[in-house]
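As structure tokens, the structure follows; a few thoughts come after it.
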Amino acid sequence: MSRGRGPTVRRRRLASELRRLREVADLTIDDVSEKLECSASKISRIETGHVGVTPRDVRDMLELYGVAGDDREALVQLSREARTRGWWHAYSEVFTGAFVGLEADASSLRAFQALLVPGLLQTERYAHAVIRAMRPDADEQEIERRVTARMQRQRLLTEPAPPEYWAVIDEAVLHRAVGGSDVMAEQFERLLTMAALPHVTIQVVPFGAGAHPGMEGPFLILGFPEQADPDVVYVDSTTSGAYLELPADVRRYSLMFDHLRATALKPDDSTDLISGLASTATSGREE
């Protein structure tokens, strides 16, 4: 799939355009809901991209906004494309919200993690140990389902046209023995393998750096190839996540990431650190 052409991004683009056209027509959400005989919450959720919209609804909204001809047909077609289903829909009980769809369509991903290896870089056994620890009440079937979904996500970095991926991790991530020495040795090798790819950069913020901007928590900045699709920041948590799309928020997190990159070890020095830890873990495994 070409970057920027997936259903999630198309729905986001359509939502933004419908909101813009309503404002140009000088109509409120309540005005539209009254004229189309539907709830205001439906219009609001369409404009925020939280729900899909049928071509019929788009046509009715555009007629109300005075949009006709080729412009209207182009947006109706966009609504059809936005309703297609990505591979992640098969894991709807695992992936909530638009995160994976946006990730799958991004042309650049800038990630910071202070507690664990980013999901796109985890080995299967590391992922299993993390999910088991974070969901102690889950049965083995649910855990395996979540691990499988995470492994499916990782295909993003090895497909023919992958996004540029830049991960900055705190050194604490490398010293937290998730799953034991065998799992960590394997995980270190995975990090080194991924860091060797031309589109992947991994940096480590050393303990010696002291306090740094990433101490606020993990985040991901998703960039898209089309100017019509502005960058979005995903701020992660154990149970949910928040999407930040206001330009001021995106600028703030972009600045934070730039500071983290400057604070971190250079990419080559980072891989040297990981390589040393990998050797130590492998030696411990052999003894």
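Ordering of the structure tokens sets the chain letters (A, B, ...), residue numbers begin anew at 1 in every chain, and ligands are numbered from 1 in the order given.
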Considering only C-alpha atoms, tabulate each residue of region 169-243 of chain A that lies at most 9 Å from region 255-273 of chain A along with its nearest interatomic pair and the corresponding distance in Å to one decimal; arrange the rows by chain and ascending residue number and present them as a tab-separated table.
```
residue	atom	partner	partner_atom	distance
A:Ile169	CA	A:Ala264	CA	8.5
A:Asp170	CA	A:Ala264	CA	8.4
A:Leu191	CA	A:Thr271	CA	8.3
A:Leu192	CA	A:Thr271	CA	6.4
A:Ala195	CA	A:Thr271	CA	7.5
A:Thr201	CA	A:Pro267	CA	6.7
A:Ile202	CA	A:Pro267	CA	5.9
A:Gln203	CA	A:Pro267	CA	5.1
A:Val204	CA	A:Ala264	CA	5.3
A:Val205	CA	A:Ala264	CA	4.0
A:Pro206	CA	A:Ala264	CA	6.5
A:Ala209	CA	A:Thr263	CA	6.7
A:His212	CA	A:Leu260	CA	7.0
A:Pro213	CA	A:Met256	CA	5.8
A:Gly214	CA	A:Leu260	CA	6.9
A:Ile221	CA	A:Phe257	CA	8.8
```
Can you pull out every residue within 10 Å of Ala82 (chain A), counting only C-alpha atoms, but drop anything in the same chain fewer than 3 positions away, and send it as a list in words?
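So, after excluding close chain neighbours, the residues are Arg5, Gly6, Pro7, Thr8, Val9, Arg10, Arg11, Arg12, Arg13, Leu14, Gly52, Val53, Thr54, Pro55, Val76, Gln77, Leu78, Ser79 and Arg85 of chain A.
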Keeping only all heavy atoms, take the residues you just selected and write them out as a compact mmCIF listing (two decimals), in the first residue's frame.
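Result file follows (again-v8.txt):
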```txt
# COMPACT_ATOMS: atom_id res chain seq x y z
N ARG A 5 -2.49 6.46 1.66
CA ARG A 5 -3.67 6.11 0.86
C ARG A 5 -4.60 5.13 1.56
O ARG A 5 -5.47 4.55 0.94
CB ARG A 5 -3.22 5.51 -0.47
CG ARG A 5 -2.53 6.51 -1.37
CD ARG A 5 -2.20 5.94 -2.72
NE ARG A 5 -2.32 6.91 -3.76
CZ ARG A 5 -2.18 6.64 -5.06
NH1 ARG A 5 -1.90 5.41 -5.44
NH2 ARG A 5 -2.31 7.58 -5.96
N GLY A 6 -4.40 4.89 2.83
CA GLY A 6 -5.22 3.94 3.57
C GLY A 6 -6.55 4.53 3.99
O GLY A 6 -6.76 5.75 3.98
N PRO A 7 -7.49 3.68 4.41
CA PRO A 7 -8.84 4.13 4.76
C PRO A 7 -8.88 5.06 5.96
O PRO A 7 -9.70 5.98 6.01
CB PRO A 7 -9.59 2.82 5.03
CG PRO A 7 -8.53 1.81 5.32
CD PRO A 7 -7.37 2.21 4.48
N THR A 8 -8.01 4.85 6.95
CA THR A 8 -8.06 5.69 8.15
C THR A 8 -7.68 7.12 7.83
O THR A 8 -8.32 8.07 8.29
CB THR A 8 -7.13 5.12 9.24
OG1 THR A 8 -7.47 3.76 9.48
CG2 THR A 8 -7.27 5.91 10.53
N VAL A 9 -6.63 7.30 7.05
CA VAL A 9 -6.20 8.65 6.68
C VAL A 9 -7.23 9.30 5.77
O VAL A 9 -7.50 10.50 5.87
CB VAL A 9 -4.81 8.61 6.02
CG1 VAL A 9 -4.50 9.92 5.31
CG2 VAL A 9 -3.75 8.33 7.07
N ARG A 10 -7.82 8.52 4.89
CA ARG A 10 -8.84 9.08 4.00
C ARG A 10 -10.06 9.55 4.80
O ARG A 10 -10.66 10.59 4.51
CB ARG A 10 -9.24 8.06 2.94
CG ARG A 10 -8.15 7.85 1.88
CD ARG A 10 -8.54 6.81 0.86
NE ARG A 10 -7.46 6.61 -0.11
CZ ARG A 10 -7.29 7.29 -1.21
NH1 ARG A 10 -8.13 8.26 -1.51
NH2 ARG A 10 -6.29 7.04 -2.04
N ARG A 11 -10.43 8.78 5.83
CA ARG A 11 -11.56 9.19 6.67
C ARG A 11 -11.22 10.46 7.42
O ARG A 11 -12.06 11.35 7.57
CB ARG A 11 -11.92 8.07 7.65
CG ARG A 11 -13.19 8.39 8.45
CD ARG A 11 -13.70 7.17 9.18
NE ARG A 11 -12.93 6.87 10.38
CZ ARG A 11 -13.16 5.82 11.15
NH1 ARG A 11 -14.09 4.93 10.83
NH2 ARG A 11 -12.44 5.62 12.24
N ARG A 12 -9.99 10.55 7.90
CA ARG A 12 -9.55 11.75 8.61
C ARG A 12 -9.57 12.96 7.68
O ARG A 12 -9.99 14.06 8.07
CB ARG A 12 -8.14 11.49 9.15
CG ARG A 12 -7.52 12.63 9.94
CD ARG A 12 -6.21 12.17 10.56
NE ARG A 12 -5.54 13.25 11.26
CZ ARG A 12 -4.35 13.72 10.95
NH1 ARG A 12 -3.67 13.20 9.94
NH2 ARG A 12 -3.81 14.70 11.64
N ARG A 13 -9.10 12.77 6.45
CA ARG A 13 -9.09 13.86 5.48
C ARG A 13 -10.51 14.30 5.13
O ARG A 13 -10.81 15.50 5.05
CB ARG A 13 -8.36 13.42 4.22
CG ARG A 13 -8.14 14.54 3.21
CD ARG A 13 -7.49 14.01 1.95
NE ARG A 13 -6.24 13.30 2.24
CZ ARG A 13 -5.56 12.60 1.35
NH1 ARG A 13 -6.02 12.49 0.11
NH2 ARG A 13 -4.43 11.99 1.68
N LEU A 14 -11.39 13.34 4.93
CA LEU A 14 -12.79 13.65 4.61
C LEU A 14 -13.44 14.40 5.76
O LEU A 14 -14.17 15.38 5.55
CB LEU A 14 -13.54 12.35 4.32
CG LEU A 14 -15.05 12.49 4.05
CD1 LEU A 14 -15.29 13.31 2.77
CD2 LEU A 14 -15.69 11.11 3.91
N GLY A 52 -17.45 6.36 10.59
CA GLY A 52 -17.47 6.46 9.14
C GLY A 52 -18.72 7.19 8.66
O GLY A 52 -19.66 7.41 9.42
N VAL A 53 -18.72 7.55 7.41
CA VAL A 53 -19.87 8.26 6.86
C VAL A 53 -20.19 7.65 5.50
O VAL A 53 -19.29 7.35 4.71
CB VAL A 53 -19.57 9.79 6.74
CG1 VAL A 53 -18.32 10.04 5.95
CG2 VAL A 53 -20.76 10.53 6.15
N THR A 54 -21.47 7.43 5.25
CA THR A 54 -21.88 6.81 4.00
C THR A 54 -21.80 7.81 2.85
O THR A 54 -21.91 9.03 3.07
CB THR A 54 -23.32 6.29 4.09
OG1 THR A 54 -24.21 7.40 4.23
CG2 THR A 54 -23.49 5.34 5.28
N PRO A 55 -21.62 7.32 1.63
CA PRO A 55 -21.64 8.24 0.47
C PRO A 55 -22.94 9.04 0.41
O PRO A 55 -22.93 10.22 0.02
CB PRO A 55 -21.51 7.28 -0.71
CG PRO A 55 -20.73 6.12 -0.17
CD PRO A 55 -21.24 5.95 1.24
N VAL A 76 -17.41 12.35 -2.47
CA VAL A 76 -18.24 11.15 -2.34
C VAL A 76 -17.39 9.91 -2.59
O VAL A 76 -17.50 8.90 -1.88
CB VAL A 76 -19.44 11.20 -3.31
CG1 VAL A 76 -20.17 9.86 -3.34
CG2 VAL A 76 -20.42 12.31 -2.90
N GLN A 77 -16.52 9.98 -3.59
CA GLN A 77 -15.61 8.86 -3.87
C GLN A 77 -14.65 8.64 -2.70
O GLN A 77 -14.36 7.50 -2.33
CB GLN A 77 -14.82 9.12 -5.15
CG GLN A 77 -13.82 8.03 -5.51
CD GLN A 77 -14.46 6.67 -5.71
OE1 GLN A 77 -15.62 6.56 -6.08
NE2 GLN A 77 -13.70 5.62 -5.45
N LEU A 78 -14.18 9.72 -2.11
CA LEU A 78 -13.31 9.62 -0.94
C LEU A 78 -14.02 8.90 0.20
O LEU A 78 -13.42 8.09 0.92
CB LEU A 78 -12.87 11.01 -0.49
CG LEU A 78 -11.84 11.09 0.65
CD1 LEU A 78 -10.55 10.40 0.26
CD2 LEU A 78 -11.59 12.54 1.02
N SER A 79 -15.32 9.16 0.35
CA SER A 79 -16.08 8.49 1.40
C SER A 79 -16.19 6.98 1.14
O SER A 79 -16.18 6.18 2.08
CB SER A 79 -17.48 9.10 1.53
OG SER A 79 -18.32 8.75 0.44
N ARG A 85 -11.86 -1.77 4.52
CA ARG A 85 -11.37 -2.30 5.79
C ARG A 85 -9.91 -2.73 5.66
O ARG A 85 -9.54 -3.45 4.74
CB ARG A 85 -12.24 -3.49 6.23
CG ARG A 85 -13.69 -3.09 6.47
CD ARG A 85 -14.57 -4.32 6.69
NE ARG A 85 -14.34 -4.94 7.97
CZ ARG A 85 -14.91 -4.57 9.11
NH1 ARG A 85 -15.74 -3.53 9.11
NH2 ARG A 85 -14.67 -5.19 10.24
```
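Counting from CA of Ala68 (chain A), the distance to CA of Leu21 (chain A) is 12.0 Å.
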Which is closer to Arg146 (chain A) than all the others in A:Phe95, A:Leu174, A:Ala114, A:Ala185, using only C-alpha atoms?
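Using only C-alpha atoms, the shortest distance to Arg146 (chain A) belongs to A:Phe95.
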Among A:Tyr91, A:Gly180, A:Ala138, A:Tyr165, Leu120 (chain A) is approached most closely, using only C-alpha atoms, by A:Tyr165
Please report the interatomic distance between CA of Val232 (chain A) and CA of Ala248 (chain A) in Å with one decimal.
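Spanning CA of Val232 (chain A) to CA of Ala248 (chain A) is a straight-line distance of 11.0 Å.
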Please return, as an MDAnalysis selection string, all residues of region 25-248 of chain A that DSSP assigns to strand (DSSP E) on the basis of the backbone.
chainID A and resid 108:113 164:170 200:205 219:223 232:236 241:244
Taking the backbone alone, and naming residues the way the document does, which bits of region 24-110 of chain A are alpha helix (DSSP H) by DSSP, as number ranges by chain?
A: 24, 29-36, 40-47, 55-64, 69-82, 99-105
Given the selection you just returned, output its residues as a file containing C-alpha atoms, formatted as a PDB file, in the first residue's frame.
```
ATOM      1  CA  VAL A  24     -17.504  28.084   4.921  1.00  0.00           C
ATOM      2  CA  ILE A  29     -23.545  21.520  13.717  1.00  0.00           C
ATOM      3  CA  ASP A  30     -27.037  22.067  15.108  1.00  0.00           C
ATOM      4  CA  ASP A  31     -28.100  23.722  11.822  1.00  0.00           C
ATOM      5  CA  VAL A  32     -26.905  20.699   9.848  1.00  0.00           C
ATOM      6  CA  SER A  33     -28.485  18.143  12.168  1.00  0.00           C
ATOM      7  CA  GLU A  34     -31.808  19.966  11.991  1.00  0.00           C
ATOM      8  CA  LYS A  35     -31.827  20.233   8.187  1.00  0.00           C
ATOM      9  CA  LEU A  36     -30.697  16.612   7.675  1.00  0.00           C
ATOM     10  CA  ALA A  40     -25.956  16.725  16.333  1.00  0.00           C
ATOM     11  CA  SER A  41     -23.709  14.076  17.877  1.00  0.00           C
ATOM     12  CA  LYS A  42     -23.693  12.170  14.570  1.00  0.00           C
ATOM     13  CA  ILE A  43     -22.466  15.237  12.666  1.00  0.00           C
ATOM     14  CA  SER A  44     -19.878  15.941  15.351  1.00  0.00           C
ATOM     15  CA  ARG A  45     -18.539  12.374  15.281  1.00  0.00           C
ATOM     16  CA  ILE A  46     -18.357  12.450  11.476  1.00  0.00           C
ATOM     17  CA  GLU A  47     -16.372  15.698  11.576  1.00  0.00           C
ATOM     18  CA  PRO A  55     -21.641   8.237   0.472  1.00  0.00           C
ATOM     19  CA  ARG A  56     -25.336   9.132   0.788  1.00  0.00           C
ATOM     20  CA  ASP A  57     -24.724  11.194   3.945  1.00  0.00           C
ATOM     21  CA  VAL A  58     -21.754  12.926   2.307  1.00  0.00           C
ATOM     22  CA  ARG A  59     -23.848  13.776  -0.748  1.00  0.00           C
ATOM     23  CA  ASP A  60     -26.611  15.222   1.451  1.00  0.00           C
ATOM     24  CA  MET A  61     -24.153  17.271   3.506  1.00  0.00           C
ATOM     25  CA  LEU A  62     -22.409  18.641   0.433  1.00  0.00           C
ATOM     26  CA  GLU A  63     -25.709  19.596  -1.175  1.00  0.00           C
ATOM     27  CA  LEU A  64     -26.535  21.537   1.977  1.00  0.00           C
ATOM     28  CA  GLY A  69     -20.024  19.024  -9.685  1.00  0.00           C
ATOM     29  CA  ASP A  70     -16.606  17.397  -9.685  1.00  0.00           C
ATOM     30  CA  ASP A  71     -15.767  18.631  -6.179  1.00  0.00           C
ATOM     31  CA  ARG A  72     -18.795  16.850  -4.757  1.00  0.00           C
ATOM     32  CA  GLU A  73     -18.126  13.627  -6.670  1.00  0.00           C
ATOM     33  CA  ALA A  74     -14.494  13.597  -5.547  1.00  0.00           C
ATOM     34  CA  LEU A  75     -15.529  13.782  -1.888  1.00  0.00           C
ATOM     35  CA  VAL A  76     -18.244  11.152  -2.345  1.00  0.00           C
ATOM     36  CA  GLN A  77     -15.614   8.864  -3.867  1.00  0.00           C
ATOM     37  CA  LEU A  78     -13.308   9.620  -0.939  1.00  0.00           C
ATOM     38  CA  SER A  79     -16.085   8.486   1.404  1.00  0.00           C
ATOM     39  CA  ARG A  80     -16.321   5.160  -0.461  1.00  0.00           C
ATOM     40  CA  GLU A  81     -12.559   4.623  -0.169  1.00  0.00           C
ATOM     41  CA  ALA A  82     -12.627   5.556   3.516  1.00  0.00           C
ATOM     42  CA  PHE A  99      -4.053   4.309  15.918  1.00  0.00           C
ATOM     43  CA  VAL A 100      -3.035   1.281  13.831  1.00  0.00           C
ATOM     44  CA  GLY A 101      -4.728   2.638  10.707  1.00  0.00           C
ATOM     45  CA  LEU A 102      -2.828   5.915  11.030  1.00  0.00           C
ATOM     46  CA  GLU A 103       0.415   4.090  11.767  1.00  0.00           C
ATOM     47  CA  ALA A 104      -0.044   1.882   8.706  1.00  0.00           C
ATOM     48  CA  ASP A 105      -0.388   4.945   6.493  1.00  0.00           C
TER      49      ASP A 105
END
```
In Å, with one decimal, what is the gap from CA of Tyr253 (chain A) to CA of Phe207 (chain A)?
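It comes out at 21.6 Å.
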Find the residue from A:Asp231, A:Thr148, A:His199, A:Thr123 that sits nearest to Ala161 (chain A); use only C-alpha atoms when measuring.
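With only C-alpha atoms as the atom set, the closest residue is A:His199.
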Find the spatial neighbours of region 241-244 of chain A, counting only C-alpha atoms, within a cut-off of 10 Å - ignore same-chain residues fewer than 3 positions away - and output them as a PyMOL selection string.
chain A and resi 96-99+219-221+231-238+247-250+253
Keeping only all heavy atoms, take the residues you just selected and write them out as a short mmCIF file (atom, residue, chain, number, x, y, z; two decimals), in the first residue's frame.
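Printed below is out.cif as written:
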```cif
data_model
loop_
_atom_site.label_atom_id
_atom_site.label_comp_id
_atom_site.auth_asym_id
_atom_site.auth_seq_id
_atom_site.Cartn_x
_atom_site.Cartn_y
_atom_site.Cartn_z
N THR A 96 -8.09 -0.54 19.36
CA THR A 96 -9.22 0.37 19.48
C THR A 96 -8.81 1.73 18.93
O THR A 96 -7.63 2.10 18.97
CB THR A 96 -9.66 0.52 20.95
OG1 THR A 96 -8.53 0.98 21.72
CG2 THR A 96 -10.12 -0.82 21.51
N GLY A 97 -9.78 2.48 18.43
CA GLY A 97 -9.47 3.78 17.87
C GLY A 97 -8.78 3.67 16.52
O GLY A 97 -8.75 2.62 15.88
N ALA A 98 -8.18 4.77 16.11
CA ALA A 98 -7.62 4.87 14.75
C ALA A 98 -6.12 4.66 14.71
O ALA A 98 -5.52 4.76 13.64
CB ALA A 98 -7.96 6.25 14.17
N PHE A 99 -5.50 4.31 15.85
CA PHE A 99 -4.05 4.31 15.92
C PHE A 99 -3.38 3.45 14.85
O PHE A 99 -2.51 3.92 14.11
CB PHE A 99 -3.58 3.86 17.31
CG PHE A 99 -2.10 3.64 17.39
CD1 PHE A 99 -1.23 4.71 17.35
CD2 PHE A 99 -1.57 2.36 17.46
CE1 PHE A 99 0.14 4.52 17.40
CE2 PHE A 99 -0.21 2.16 17.52
CZ PHE A 99 0.65 3.24 17.48
N PHE A 219 5.47 8.76 23.66
CA PHE A 219 4.64 9.37 22.63
C PHE A 219 5.15 8.96 21.27
O PHE A 219 6.27 8.46 21.11
CB PHE A 219 4.62 10.90 22.77
CG PHE A 219 5.97 11.57 22.60
CD1 PHE A 219 6.42 11.97 21.35
CD2 PHE A 219 6.79 11.79 23.70
CE1 PHE A 219 7.65 12.58 21.19
CE2 PHE A 219 8.04 12.40 23.55
CZ PHE A 219 8.47 12.80 22.30
N LEU A 220 4.30 9.16 20.28
CA LEU A 220 4.63 8.85 18.88
C LEU A 220 4.13 9.98 18.01
O LEU A 220 2.97 10.39 18.11
CB LEU A 220 3.97 7.53 18.47
CG LEU A 220 4.11 7.11 17.01
CD1 LEU A 220 5.55 6.72 16.69
CD2 LEU A 220 3.17 5.95 16.68
N ILE A 221 5.00 10.48 17.12
CA ILE A 221 4.60 11.52 16.17
C ILE A 221 4.47 10.86 14.80
O ILE A 221 5.43 10.29 14.29
CB ILE A 221 5.63 12.65 16.11
CG1 ILE A 221 5.89 13.24 17.50
CG2 ILE A 221 5.16 13.75 15.15
CD1 ILE A 221 7.05 14.22 17.56
N ASP A 231 0.38 16.27 10.58
CA ASP A 231 0.94 15.34 11.55
C ASP A 231 0.02 15.22 12.76
O ASP A 231 -0.75 16.14 13.08
CB ASP A 231 2.31 15.81 12.02
CG ASP A 231 3.36 15.75 10.91
OD1 ASP A 231 3.01 15.31 9.80
OD2 ASP A 231 4.51 16.15 11.17
N VAL A 232 0.13 14.09 13.44
CA VAL A 232 -0.65 13.87 14.65
C VAL A 232 0.26 13.22 15.69
O VAL A 232 1.17 12.46 15.36
CB VAL A 232 -1.89 12.98 14.37
CG1 VAL A 232 -1.49 11.64 13.81
CG2 VAL A 232 -2.73 12.78 15.63
N VAL A 233 0.05 13.56 16.95
CA VAL A 233 0.81 12.98 18.06
C VAL A 233 -0.10 12.01 18.81
O VAL A 233 -1.24 12.34 19.13
CB VAL A 233 1.31 14.07 19.03
CG1 VAL A 233 2.04 13.42 20.21
CG2 VAL A 233 2.21 15.06 18.32
N TYR A 234 0.43 10.82 19.06
CA TYR A 234 -0.29 9.83 19.86
C TYR A 234 0.44 9.70 21.18
O TYR A 234 1.61 9.33 21.23
CB TYR A 234 -0.32 8.48 19.13
CG TYR A 234 -1.05 7.39 19.90
CD1 TYR A 234 -2.44 7.39 19.97
CD2 TYR A 234 -0.35 6.37 20.53
CE1 TYR A 234 -3.12 6.39 20.66
CE2 TYR A 234 -1.01 5.36 21.21
CZ TYR A 234 -2.40 5.38 21.27
OH TYR A 234 -3.06 4.40 21.96
N VAL A 235 -0.27 10.03 22.26
CA VAL A 235 0.30 9.92 23.61
C VAL A 235 -0.24 8.66 24.23
O VAL A 235 -1.45 8.52 24.44
CB VAL A 235 -0.05 11.16 24.46
CG1 VAL A 235 0.59 11.04 25.84
CG2 VAL A 235 0.42 12.43 23.77
N ASP A 236 0.64 7.74 24.51
CA ASP A 236 0.24 6.39 24.90
C ASP A 236 -0.01 6.28 26.40
O ASP A 236 0.52 7.02 27.21
CB ASP A 236 1.36 5.41 24.50
CG ASP A 236 0.88 3.97 24.43
OD1 ASP A 236 -0.33 3.74 24.57
OD2 ASP A 236 1.72 3.09 24.21
N SER A 237 -0.85 5.29 26.75
CA SER A 237 -1.05 4.88 28.14
C SER A 237 -1.37 3.40 28.14
O SER A 237 -1.57 2.81 27.08
CB SER A 237 -2.19 5.67 28.82
OG SER A 237 -3.45 5.27 28.31
N THR A 238 -1.45 2.78 29.31
CA THR A 238 -1.65 1.33 29.36
C THR A 238 -3.03 0.92 28.87
O THR A 238 -3.21 -0.18 28.35
CB THR A 238 -1.46 0.80 30.79
OG1 THR A 238 -2.32 1.53 31.68
CG2 THR A 238 -0.01 0.97 31.23
N PRO A 247 -1.86 22.28 15.83
CA PRO A 247 -0.48 22.60 15.43
C PRO A 247 0.44 22.91 16.61
O PRO A 247 1.60 22.50 16.62
CB PRO A 247 -0.66 23.82 14.52
CG PRO A 247 -2.02 23.63 13.94
CD PRO A 247 -2.85 23.04 15.03
N ALA A 248 -0.08 23.59 17.63
CA ALA A 248 0.74 23.95 18.79
C ALA A 248 1.19 22.69 19.54
O ALA A 248 2.34 22.61 20.01
CB ALA A 248 -0.03 24.87 19.72
N ASP A 249 0.30 21.70 19.66
CA ASP A 249 0.65 20.46 20.35
C ASP A 249 1.69 19.67 19.55
O ASP A 249 2.64 19.12 20.10
CB ASP A 249 -0.60 19.60 20.57
CG ASP A 249 -1.54 20.19 21.61
OD1 ASP A 249 -1.04 20.85 22.55
OD2 ASP A 249 -2.76 20.00 21.48
N VAL A 250 1.47 19.60 18.24
CA VAL A 250 2.41 18.86 17.38
C VAL A 250 3.79 19.52 17.43
O VAL A 250 4.82 18.83 17.52
CB VAL A 250 1.89 18.77 15.94
CG1 VAL A 250 2.93 18.12 15.03
CG2 VAL A 250 0.58 17.99 15.89
N TYR A 253 5.58 18.63 20.80
CA TYR A 253 6.14 17.28 20.85
C TYR A 253 7.28 17.11 19.85
O TYR A 253 8.22 16.35 20.11
CB TYR A 253 5.04 16.24 20.63
CG TYR A 253 4.31 15.91 21.91
CD1 TYR A 253 3.18 16.62 22.30
CD2 TYR A 253 4.77 14.90 22.75
CE1 TYR A 253 2.52 16.34 23.49
CE2 TYR A 253 4.13 14.60 23.94
CZ TYR A 253 3.00 15.33 24.30
OH TYR A 253 2.36 15.04 25.49
#
```
